[in-house]
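Below is protein_26.tsv, holding TSV, C-alpha atoms and all ligand atoms.
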```tsv
chain	number	residue	atom	x	y	z
S	739	MET	CA	0.00	0.00	0.00
S	740	ILE	CA	1.38	3.42	-0.94
S	741	GLU	CA	-1.06	5.88	0.61
S	742	ALA	CA	-3.77	5.74	3.28
S	743	GLY	CA	-6.91	7.83	3.60
S	744	ARG	CA	-7.55	9.59	6.91
S	745	ASP	CA	-10.13	7.04	8.10
S	746	VAL	CA	-7.92	4.00	7.53
S	747	GLU	CA	-6.92	2.77	10.98
S	748	PHE	CA	-5.27	-0.62	10.69
S	749	ILE	CA	-3.65	-0.98	7.27
S	750	LYS	CA	-0.35	0.97	7.07
S	751	VAL	CA	1.68	2.40	4.20
S	752	GLY	CA	4.13	-0.29	3.09
S	753	ASP	CA	1.87	-3.22	3.99
S	754	LEU	CA	1.61	-5.95	1.37
S	755	VAL	CA	-2.06	-6.75	0.83
S	756	SER	CA	-4.50	-8.69	-1.32
S	757	VAL	CA	-7.52	-6.82	-2.74
S	758	PRO	CA	-10.72	-8.86	-3.14
S	759	PHE	CA	-12.38	-8.15	-6.48
S	760	ASN	CA	-15.68	-7.51	-4.67
S	761	ILE	CA	-16.01	-4.09	-3.08
S	762	ALA	CA	-17.86	-4.19	0.22
S	763	CYS	CA	-18.74	-1.64	2.90
S	764	GLY	CA	-18.58	-3.93	5.92
S	765	ARG	CA	-21.61	-2.24	7.46
S	766	CYS	CA	-24.73	-3.24	5.54
S	767	ARG	CA	-26.93	-6.22	6.30
S	768	ASN	CA	-25.37	-8.39	3.57
S	769	CYS	CA	-21.79	-7.61	4.60
S	770	LYS	CA	-22.70	-8.44	8.20
S	771	GLU	CA	-23.91	-11.82	6.93
S	772	ARG	CA	-20.58	-12.22	5.03
S	773	ALA	CA	-22.31	-11.94	1.66
S	774	THR	CA	-19.77	-9.33	0.51
S	775	GLY	CA	-20.37	-10.18	-3.17
S	776	VAL	CA	-23.76	-8.46	-2.89
S	777	CYS	CA	-22.93	-5.51	-0.62
S	778	LEU	CA	-25.87	-3.08	-0.58
S	779	SER	CA	-23.93	0.21	-0.30
S	780	VAL	CA	-21.34	0.33	-3.07
S	781	ASN	CA	-23.33	0.24	-6.32
S	782	PRO	CA	-26.42	2.43	-6.76
S	783	ALA	CA	-27.68	0.23	-9.64
S	784	ARG	CA	-27.82	-3.10	-7.80
S	785	PRO	CA	-26.19	-5.13	-5.02
S	786	GLY	CA	-22.49	-5.91	-5.54
S	787	ALA	CA	-19.56	-3.99	-6.97
S	788	ALA	CA	-16.13	-4.63	-8.46
S	789	TYR	CA	-13.19	-2.63	-9.85
S	790	GLY	CA	-13.11	-1.69	-13.52
S	791	TYR	CA	-16.05	-3.82	-14.60
S	792	VAL	CA	-19.19	-2.85	-16.50
S	793	ASP	CA	-22.33	-2.37	-14.38
S	794	MET	CA	-20.43	-2.89	-11.12
S	795	GLY	CA	-20.65	0.52	-9.51
S	796	GLY	CA	-18.29	2.60	-11.64
S	797	TRP	CA	-15.19	1.91	-9.51
S	798	VAL	CA	-12.01	2.30	-11.57
S	799	GLY	CA	-8.82	0.25	-11.38
S	800	GLY	CA	-8.30	-3.48	-11.02
S	801	GLN	CA	-6.30	-3.69	-14.24
S	802	ALA	CA	-4.38	-0.46	-13.77
S	803	GLU	CA	-1.20	0.86	-12.19
S	804	TYR	CA	-2.95	1.79	-8.96
S	805	VAL	CA	-6.33	1.22	-7.40
S	806	MET	CA	-8.17	3.19	-4.72
S	807	VAL	CA	-9.74	0.74	-2.26
S	808	PRO	CA	-12.70	2.11	-0.28
S	809	TYR	CA	-13.31	0.84	3.28
S	810	ALA	CA	-9.71	-0.37	3.18
S	811	ASP	CA	-9.61	-1.81	6.70
S	812	PHE	CA	-12.54	-4.04	5.82
S	813	ASN	CA	-11.62	-4.96	2.25
S	814	LEU	CA	-7.88	-5.57	2.37
S	815	LEU	CA	-6.19	-8.77	3.48
S	816	LYS	CA	-2.72	-8.03	4.88
S	817	PHE	CA	-0.04	-10.66	4.41
S	818	PRO	CA	1.51	-11.37	7.84
S	819	ASP	CA	5.15	-11.36	6.71
S	820	LYS	CA	6.31	-9.53	3.60
S	821	ALA	CA	9.43	-11.61	2.93
S	822	GLN	CA	7.52	-14.88	3.38
S	823	ALA	CA	4.73	-13.59	1.12
S	824	MET	CA	7.15	-12.52	-1.63
S	825	GLU	CA	8.38	-16.12	-1.90
S	826	LYS	CA	4.84	-17.19	-2.88
S	827	ILE	CA	3.71	-14.00	-4.55
S	828	ARG	CA	2.74	-15.68	-7.85
S	829	ASP	CA	0.36	-17.93	-5.92
S	830	LEU	CA	-0.89	-15.13	-3.67
S	831	THR	CA	-1.96	-13.03	-6.68
S	832	CYS	CA	-4.68	-15.65	-7.24
S	833	LEU	CA	-6.32	-14.68	-3.91
S	834	SER	CA	-8.05	-11.62	-5.39
S	835	ASP	CA	-10.40	-13.65	-7.52
S	836	ILE	CA	-9.91	-17.03	-9.15
S	837	LEU	CA	-8.79	-19.11	-6.17
S	838	PRO	CA	-11.58	-18.00	-3.80
S	839	THR	CA	-14.06	-18.20	-6.71
S	840	GLY	CA	-13.05	-21.76	-7.60
S	841	TYR	CA	-12.99	-22.71	-3.92
S	842	HIS	CA	-16.45	-21.21	-3.38
S	843	GLY	CA	-17.75	-23.28	-6.30
S	844	ALA	CA	-16.34	-26.44	-4.72
S	845	VAL	CA	-17.59	-25.62	-1.21
S	846	SER	CA	-21.08	-24.77	-2.45
S	847	ALA	CA	-21.18	-28.04	-4.42
S	848	GLY	CA	-20.48	-29.87	-1.16
S	849	VAL	CA	-16.97	-31.10	-2.02
S	850	GLY	CA	-15.30	-32.86	0.92
S	851	THR	CA	-13.21	-35.88	1.78
S	852	GLY	CA	-13.71	-38.65	-0.77
S	853	SER	CA	-15.99	-36.70	-3.13
S	854	ILE	CA	-16.26	-37.46	-6.82
S	855	VAL	CA	-16.38	-34.02	-8.45
S	856	TYR	CA	-17.10	-32.80	-11.98
S	857	VAL	CA	-15.86	-29.33	-12.87
S	858	ALA	CA	-17.28	-27.87	-16.10
S	859	GLY	CA	-14.69	-25.64	-17.75
S	860	ALA	CA	-10.87	-25.76	-17.64
S	861	GLY	CA	-10.29	-22.01	-17.77
S	862	PRO	CA	-8.52	-20.41	-14.80
S	863	VAL	CA	-11.58	-20.58	-12.51
S	864	GLY	CA	-12.26	-24.21	-13.44
S	865	LEU	CA	-8.64	-25.18	-12.83
S	866	ALA	CA	-8.68	-23.25	-9.54
S	867	CYS	CA	-11.86	-25.11	-8.60
S	868	ALA	CA	-10.18	-28.42	-9.41
S	869	ALA	CA	-7.14	-27.53	-7.29
S	870	ALA	CA	-9.48	-26.36	-4.50
S	871	SER	CA	-11.36	-29.67	-4.70
S	872	HIS	CA	-8.08	-31.51	-4.13
S	873	LEU	CA	-7.40	-29.22	-1.16
S	874	LEU	CA	-10.85	-30.10	0.23
S	875	GLY	CA	-10.04	-33.81	-0.01
S	876	ALA	CA	-11.91	-34.93	-3.14
S	877	ALA	CA	-11.12	-38.49	-4.20
S	878	CYS	CA	-11.51	-37.85	-7.92
S	879	VAL	CA	-11.71	-34.54	-9.76
S	880	ILE	CA	-12.92	-34.67	-13.36
S	881	VAL	CA	-12.59	-31.54	-15.51
S	882	GLY	CA	-14.59	-31.06	-18.72
S	883	ASP	CA	-13.66	-28.76	-21.61
S	884	LEU	CA	-13.18	-28.88	-25.38
S	885	ILE	CA	-9.75	-27.24	-25.67
S	886	PRO	CA	-6.98	-29.89	-25.67
S	887	GLU	CA	-4.34	-27.60	-24.06
S	888	ARG	CA	-6.67	-26.76	-21.17
S	889	LEU	CA	-7.50	-30.43	-20.60
S	890	ALA	CA	-3.77	-31.24	-20.60
S	891	GLN	CA	-3.24	-28.49	-18.01
S	892	ALA	CA	-5.91	-30.14	-15.80
S	893	ARG	CA	-4.20	-33.53	-16.13
S	894	SER	CA	-0.84	-31.96	-15.19
S	895	PHE	CA	-1.90	-31.74	-11.54
S	896	GLY	CA	-3.80	-34.98	-11.18
S	897	CYS	CA	-7.26	-34.37	-12.62
S	898	GLU	CA	-9.17	-36.73	-14.87
S	899	THR	CA	-10.65	-35.11	-17.98
S	900	VAL	CA	-13.74	-35.22	-20.17
S	901	ASP	CA	-13.56	-33.86	-23.72
S	902	VAL	CA	-17.04	-32.43	-24.35
S	903	SER	CA	-16.38	-32.15	-28.09
S	904	LYS	CA	-16.34	-35.96	-28.36
S	905	SER	CA	-19.45	-37.84	-29.48
S	906	ALA	CA	-19.54	-39.81	-26.20
S	907	THR	CA	-21.74	-37.97	-23.68
S	908	ILE	CA	-20.34	-36.49	-20.49
S	909	ALA	CA	-22.13	-39.21	-18.50
S	910	GLU	CA	-20.57	-41.94	-20.65
S	911	GLN	CA	-17.11	-40.46	-20.25
S	912	ILE	CA	-17.60	-40.14	-16.47
S	913	ASP	CA	-18.77	-43.77	-16.38
S	914	ALA	CA	-15.52	-44.82	-18.07
S	915	ILE	CA	-13.52	-43.03	-15.35
S	916	VAL	CA	-15.39	-43.81	-12.11
S	917	GLY	CA	-17.56	-46.81	-13.04
S	918	ALA	CA	-20.88	-44.94	-12.76
S	919	PRO	CA	-22.43	-42.23	-14.96
S	920	GLU	CA	-22.78	-39.72	-12.13
S	921	VAL	CA	-20.83	-37.62	-9.64
S	922	ASP	CA	-21.40	-36.40	-6.08
S	923	CYS	CA	-20.73	-32.73	-6.73
S	924	ALA	CA	-20.67	-30.55	-9.85
S	925	VAL	CA	-19.38	-27.04	-10.45
S	926	ASP	CA	-20.26	-24.77	-13.38
S	927	CYS	CA	-17.12	-22.73	-14.14
S	928	VAL	CA	-18.33	-21.83	-17.64
S	929	GLY	CA	-21.51	-19.75	-17.33
S	930	PHE	CA	-23.74	-18.39	-20.08
S	931	GLU	CA	-21.03	-18.29	-22.77
S	932	ALA	CA	-21.20	-22.10	-23.01
S	933	ARG	CA	-21.27	-23.96	-26.27
S	934	GLY	CA	-23.06	-27.21	-27.11
S	935	HIS	CA	-21.61	-30.70	-26.78
S	936	GLY	CA	-20.44	-33.19	-29.41
S	937	LYS	CA	-21.22	-32.07	-32.96
S	938	ASP	CA	-22.98	-28.95	-31.62
S	939	ALA	CA	-19.80	-27.84	-29.86
S	940	VAL	CA	-19.42	-24.71	-31.98
S	941	LYS	CA	-22.88	-23.23	-31.28
S	942	GLU	CA	-23.56	-20.99	-28.31
S	943	ALA	CA	-25.88	-22.84	-25.91
S	944	PRO	CA	-26.19	-20.81	-22.69
S	945	ALA	CA	-28.16	-23.40	-20.66
S	946	THR	CA	-26.16	-26.44	-21.70
S	947	VAL	CA	-23.79	-26.61	-18.74
S	948	LEU	CA	-26.50	-26.33	-16.09
S	949	ASN	CA	-28.65	-28.93	-17.84
S	950	SER	CA	-25.79	-31.39	-18.23
S	951	LEU	CA	-24.73	-30.90	-14.59
S	952	MET	CA	-28.25	-31.78	-13.42
S	953	GLU	CA	-28.06	-34.96	-15.50
S	954	ILE	CA	-24.76	-36.16	-14.06
S	955	THR	CA	-25.12	-35.05	-10.42
S	956	ARG	CA	-26.50	-37.66	-8.02
S	957	ALA	CA	-29.89	-37.12	-6.44
S	958	ALA	CA	-29.51	-35.00	-3.27
S	959	GLY	CA	-26.26	-33.56	-4.66
S	960	ALA	CA	-25.38	-29.89	-5.07
S	961	LEU	CA	-24.29	-27.63	-7.91
S	962	GLY	CA	-21.87	-24.78	-7.36
S	963	ILE	CA	-22.40	-22.11	-10.01
S	964	PRO	CA	-19.61	-19.50	-9.95
S	965	GLY	CA	-19.72	-19.31	-13.78
S	966	LEU	CA	-21.16	-15.97	-14.88
S	967	TYR	CA	-24.81	-15.50	-15.87
S	968	VAL	CA	-26.08	-12.03	-16.73
S	969	THR	CA	-29.30	-10.03	-16.72
S	970	GLY	CA	-28.51	-8.58	-20.13
S	971	ASP	CA	-26.56	-10.00	-23.08
S	972	PRO	CA	-27.05	-7.85	-26.21
S	973	GLY	CA	-25.29	-10.52	-28.31
S	974	GLY	CA	-27.47	-13.37	-26.97
S	975	ILE	CA	-28.64	-16.11	-29.36
S	976	ASP	CA	-32.35	-15.16	-29.05
S	977	ASP	CA	-34.66	-12.66	-27.28
S	978	ASN	CA	-34.73	-14.79	-24.14
S	979	ALA	CA	-30.95	-15.11	-23.93
S	980	LYS	CA	-30.69	-11.33	-24.37
S	981	VAL	CA	-32.29	-10.82	-20.94
S	982	GLY	CA	-30.61	-13.80	-19.27
S	983	ARG	CA	-33.68	-16.06	-19.56
S	984	LEU	CA	-32.48	-19.58	-20.33
S	985	SER	CA	-34.11	-22.96	-20.96
S	986	ILE	CA	-33.06	-24.58	-17.71
S	987	ARG	CA	-34.56	-28.01	-17.11
S	988	ILE	CA	-35.55	-27.15	-13.54
S	989	GLY	CA	-37.90	-30.15	-13.35
S	990	LEU	CA	-34.91	-32.47	-13.43
S	991	GLY	CA	-33.11	-30.54	-10.71
S	992	TRP	CA	-36.26	-30.51	-8.58
S	993	ALA	CA	-36.84	-34.24	-9.06
S	994	LYS	CA	-33.28	-34.93	-7.86
S	995	SER	CA	-33.51	-32.46	-4.91
S	996	HIS	CA	-30.49	-30.58	-6.17
S	997	VAL	CA	-29.14	-27.59	-4.29
S	998	PHE	CA	-28.03	-24.64	-6.47
S	999	THR	CA	-25.67	-21.92	-5.32
S	1000	THR	CA	-25.27	-19.01	-7.72
S	1001	GLY	CA	-23.51	-15.68	-7.68
S	1002	GLN	CA	-20.20	-13.94	-7.24
S	1003	CYS	CA	-17.86	-15.43	-4.69
S	1004	PRO	CA	-17.79	-13.52	-1.40
S	1005	VAL	CA	-13.98	-13.45	-1.48
S	1006	MET	CA	-13.46	-12.44	2.15
S	1007	LYS	CA	-15.16	-15.56	3.40
S	1008	TYR	CA	-12.24	-17.62	2.13
S	1009	ASN	CA	-9.18	-15.51	1.31
S	1010	ARG	CA	-7.49	-15.62	4.72
S	1011	GLN	CA	-7.69	-19.41	4.97
S	1012	LEU	CA	-6.54	-19.84	1.37
S	1013	MET	CA	-3.63	-17.45	2.03
S	1014	GLN	CA	-2.49	-19.74	4.86
S	1015	ALA	CA	-2.91	-22.81	2.65
S	1016	ILE	CA	-0.61	-21.14	0.10
S	1017	LEU	CA	1.94	-19.91	2.65
S	1018	PHE	CA	2.20	-23.36	4.24
S	1019	GLY	CA	2.47	-25.14	0.89
S	1020	LYS	CA	-0.86	-26.95	0.87
S	1021	ILE	CA	-1.85	-25.73	-2.59
S	1022	ASN	CA	0.26	-24.78	-5.62
S	1023	ILE	CA	-2.29	-22.63	-7.35
S	1024	ALA	CA	0.07	-20.73	-9.69
S	1025	LYS	CA	1.23	-24.03	-11.14
S	1026	ALA	CA	-2.30	-25.44	-11.41
S	1027	VAL	CA	-3.66	-22.46	-13.36
S	1028	ASN	CA	-0.34	-21.88	-15.18
S	1029	VAL	CA	0.25	-18.28	-14.12
S	1030	GLU	CA	2.09	-16.11	-16.63
S	1031	VAL	CA	3.11	-12.71	-15.31
S	1032	ILE	CA	2.92	-9.93	-17.93
S	1033	THR	CA	3.30	-6.15	-18.05
S	1034	LEU	CA	0.32	-3.82	-18.32
S	1035	ASP	CA	1.39	-2.97	-21.89
S	1036	ASP	CA	1.19	-6.66	-22.73
S	1037	ALA	CA	-2.42	-6.93	-21.51
S	1038	PRO	CA	-4.01	-6.74	-25.00
S	1039	ARG	CA	-1.85	-9.69	-26.09
S	1040	GLY	CA	-2.89	-11.55	-22.93
S	1041	TYR	CA	-6.57	-11.00	-23.73
S	1042	ARG	CA	-6.07	-12.14	-27.33
S	1043	ASP	CA	-4.32	-15.34	-26.27
S	1044	PHE	CA	-6.90	-15.97	-23.56
S	1045	ASP	CA	-9.76	-15.59	-26.06
S	1046	LYS	CA	-8.02	-18.14	-28.28
S	1047	GLY	CA	-8.11	-20.60	-25.37
S	1048	ALA	CA	-4.59	-20.35	-23.97
S	1049	ALA	CA	-4.20	-22.67	-20.96
S	1050	LYS	CA	-2.83	-19.82	-18.85
S	1051	LYS	CA	-3.80	-17.33	-16.19
S	1052	PHE	CA	-2.33	-13.96	-17.12
S	1053	VAL	CA	-1.37	-11.86	-14.10
S	1054	LEU	CA	-0.79	-8.16	-14.75
S	1055	ASP	CA	2.28	-6.78	-13.02
S	1056	PRO	CA	2.34	-3.02	-13.77
S	1057	HIS	CA	5.38	-2.19	-11.62
S	1058	GLY	CA	7.50	-5.30	-12.20
S	1059	PHE	CA	7.02	-6.20	-8.55
S	1060	VAL	CA	6.08	-9.86	-9.08
S	1061	ARG	CA	8.70	-10.44	-11.78
S	1062	LYS	CA	11.40	-8.98	-9.52
S	1063	ALA	CA	10.51	-11.51	-6.82
S	1064	ALA	CA	10.87	-14.44	-9.25
X	1101	ZN	ZN	-21.97	-3.81	2.55
```

For the file at hand, write its structure as structure tokens.
Ligand code: ZN
Amino acid sequence: MIEAGRDVEFIKVGDLVSVPFNIACGRCRNCKERATGVCLSVNPARPGAAYGYVDMGGWVGGQAEYVMVPYADFNLLKFPDKAQAMEKIRDLTCLSDILPTGYHGAVSAGVGTGSIVYVAGAGPVGLACAAASHLLGAACVIVGDLIPERLAQARSFGCETVDVSKSATIAEQIDAIVGAPEVDCAVDCVGFEARGHGKDAVKEAPATVLNSLMEITRAAGALGIPGLYVTGDPGGIDDNAKVGRLSIRIGLGWAKSHVFTTGQCPVMKYNRQLMQAILFGKINIAKAVNVEVITLDDAPRGYRDFDKGAAKKFVLDPHGFVRKAA
């Protein structure tokens, strides 16, 4: 931290901190219930805010040289020892968003010791969810995607994989791995930008992940849904998709008594514990998501590669701070 406002009491200039992507006031009803992803005070348009993101309260920064953090004492997580933190700084950068988000998906899907887990999507959040599932004690973590490099990245740290572009269904591929066509817990790390399966894999199909997860999740199981769904998508495939109305087969979920947990991750609920798991070597998240540290000027290239399906998590390092540590 380089400068403190006059009301900041506990965080000091020079502290090394992690900034949750959610902005929260710490005083409203939702913050008091630890639902900091839907703070009521920081976005006049609707509950929840974030830095530098459309429709999230107009707060600037996040992918910039500096960011002004409101309610800093509440929002910031201070690393206990700077030198110790710098040794794991590549991993600790994941605490702002993808690691807590993936972990929240796993927790809300009920992942625990011995679980069989299916994670839809091998992007950074999906890979973080898979690594988090291992941390939570899952027996078998299966990751589904259609990009070969991303599936290979999932296998590199002990996951099984399902290639959703194959003609075999997800259930059939899960059956071949675990001996039954279903899993205990499923996590949607894809969201509304999903594409179809098999020969339909090129078409946008915004409800496909949720519907397939209901099919493969055991009755009485739970679905974690950190993947993004929106209230407006001007480029949606039809008038319904344009307002976030999807053809979800809710009857199937109801019949199987599934639990659904949607929404942004309340980062603060998890970031301190995950920081300790990183500092004490219980999770190698930078390796799992394949962190590549780049300059701010290189960000457009990072976005281009990411859109092409690179099996990487690009971390922006505007001051060369992370690269210096490595
Ligand atoms: Zn609040």

Could you give me, as a list in words, the residues within 10 Å of Val751 of chain S, counting only C-alpha atoms and dropping anything in the same chain fewer than 3 positions from it?
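Everything that qualifies: Met739, Ile740, Glu741, Ala742, Phe748 and Leu754 of chain S.
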
Using all atoms listed in the file, find each residue in chain S having at least one atom no more than 12 Å away from ligand ZN 1101 (chain X); report its shortest atom-to-atom pair and that distance in Å (one decimal), rows by chain then rising number, as CSV.
```
residue,atom,partner,partner_atom,distance
S:Asn760,CA,X:ZN1101,ZN,10.3
S:Ile761,CA,X:ZN1101,ZN,8.2
S:Ala762,CA,X:ZN1101,ZN,4.7
S:Cys763,CA,X:ZN1101,ZN,3.9
S:Gly764,CA,X:ZN1101,ZN,4.8
S:Arg765,CA,X:ZN1101,ZN,5.2
S:Cys766,CA,X:ZN1101,ZN,4.1
S:Arg767,CA,X:ZN1101,ZN,6.7
S:Asn768,CA,X:ZN1101,ZN,5.8
S:Cys769,CA,X:ZN1101,ZN,4.3
S:Lys770,CA,X:ZN1101,ZN,7.3
S:Glu771,CA,X:ZN1101,ZN,9.3
S:Arg772,CA,X:ZN1101,ZN,8.9
S:Ala773,CA,X:ZN1101,ZN,8.2
S:Thr774,CA,X:ZN1101,ZN,6.3
S:Gly775,CA,X:ZN1101,ZN,8.7
S:Val776,CA,X:ZN1101,ZN,7.4
S:Cys777,CA,X:ZN1101,ZN,3.7
S:Leu778,CA,X:ZN1101,ZN,5.1
S:Ser779,CA,X:ZN1101,ZN,5.3
S:Val780,CA,X:ZN1101,ZN,7.0
S:Asn781,CA,X:ZN1101,ZN,9.8
S:Arg784,CA,X:ZN1101,ZN,11.9
S:Pro785,CA,X:ZN1101,ZN,8.8
S:Gly786,CA,X:ZN1101,ZN,8.4
S:Ala787,CA,X:ZN1101,ZN,9.8
S:Pro808,CA,X:ZN1101,ZN,11.4
S:Tyr809,CA,X:ZN1101,ZN,9.9
S:Phe812,CA,X:ZN1101,ZN,10.0
S:Asn813,CA,X:ZN1101,ZN,10.4
S:Pro1004,CA,X:ZN1101,ZN,11.3
```

Closest to Leu830 of chain S among S:Val981, S:Ile885, S:Val845, S:Leu815, using all atoms listed in the file?
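Among S:Val981, S:Ile885, S:Val845, S:Leu815, it is S:Leu815 that comes nearest to Leu830 of chain S.
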
Provide the atom CA of Ile880 of chain S to atom CA of Ala906 of chain S distance in Å, to one decimal place.
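It comes out at 15.3 Å.
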
What's around Thr839 of chain S at 7 Å? Count only C-alpha atoms, leave out sequence neighbours fewer than 3 positions away in its own chain, and write the answer as a list in words.
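My list of contacting residues is Asp835, Ile836, His842, Gly843, Val863, Pro964 and Cys1003 of chain S.
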
Need to verify the contact set: Gln911 of chain S, 12 Å, all atoms listed in the file, exclusion of same-chain residues closer than 6 positions in sequence. Can you return it as an MDAnalysis selection string?
chainID S and resid 856 880:882 898:905 917:921 954

Nearest residue to Pro838 of chain S from the set S:Ala788, S:Ala870, S:Leu884, S:Ala810 (distances using all atoms listed in the file):
S:Ala870

Return as CSV the residues of segment 836-915 of chain S lying at most 8 Å from segment 1018-1032 of chain S, together with the closest atom-to-atom pair for each and the distance in Å to one decimal, counting all atoms listed in the file, with rows in chain order and ascending residue number.
```
residue,atom,partner,partner_atom,distance
S:Leu837,CA,S:Ile1023,CA,7.5
S:Gly861,CA,S:Val1027,CA,8.0
S:Pro862,CA,S:Val1027,CA,5.5
S:Leu865,CA,S:Val1027,CA,5.7
S:Ala866,CA,S:Val1027,CA,6.4
S:Ala869,CA,S:Ala1026,CA,6.7
S:Ala870,CA,S:Ile1021,CA,7.9
S:Leu873,CA,S:Ile1021,CA,6.7
S:Gln891,CA,S:Ala1026,CA,7.3
S:Ala892,CA,S:Ala1026,CA,7.4
S:Ser894,CA,S:Ala1026,CA,7.7
S:Phe895,CA,S:Ala1026,CA,6.3
```

Taking into account all atoms listed in the file, which residue in the set S:Ala945, S:Met1006, S:Val755, S:Met794 is nearest to Asn978 of chain S?
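Among the listed residues, S:Ala945 lies closest to Asn978 of chain S.
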
Name the closest residue to Asp1055 of chain S among the candidates S:Val928, S:Val879, S:Ala914, S:Ala1037; distances are taken between atoms, counting all atoms listed in the file.
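Of all the options, S:Ala1037 lies closest to Asp1055 of chain S.
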
What is the atom CA of Gly989 of chain S-atom CA of Gly864 of chain S distance in Å, reported with one decimal?
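Between atom CA of Gly989 of chain S and atom CA of Gly864 of chain S the gap is 26.3 Å.
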
The residue from S:Val1060, S:Ile986, S:Ala821, S:Ala844 with the smallest atom-to-atom distance to Cys927 of chain S, counting all atoms listed in the file, is S:Ala844

Kindly indicate which residue among S:Ala943, S:Ile1016, S:Val1005, S:Ala860 lies nearest to Gly1047 of chain S, using all atoms listed in the file for the distances.
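Residue with the minimum atom-to-atom distance to Gly1047 of chain S: S:Ala860.
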
Do you know which residues are at most 12 Å from Ala924 of chain S counting only C-alpha atoms, after dropping those on the same chain fewer than 3 positions away, and could you put them as number ranges by chain?
S: 840, 843-849, 853-859, 864, 867-868, 871, 876, 878-882, 920-921, 927-928, 947-965, 996-999

Could you state the separation of atom CA of Pro944 of chain S and atom CA of Tyr841 of chain S in Å, given to one decimal place?
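If I compute the distance from atom CA of Pro944 of chain S to atom CA of Tyr841 of chain S, I get 23.0 Å.
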
Around all listed atoms of segment 1020-1039 of chain S, padded 4 Å per side, what centre and edge lengths does the axis-aligned box have in Å to one decimal, as JSON?
```
{"center_x": -0.4, "center_y": -15.0, "center_z": -12.6, "size_x": 15.3, "size_y": 32.0, "size_z": 35.0}
```
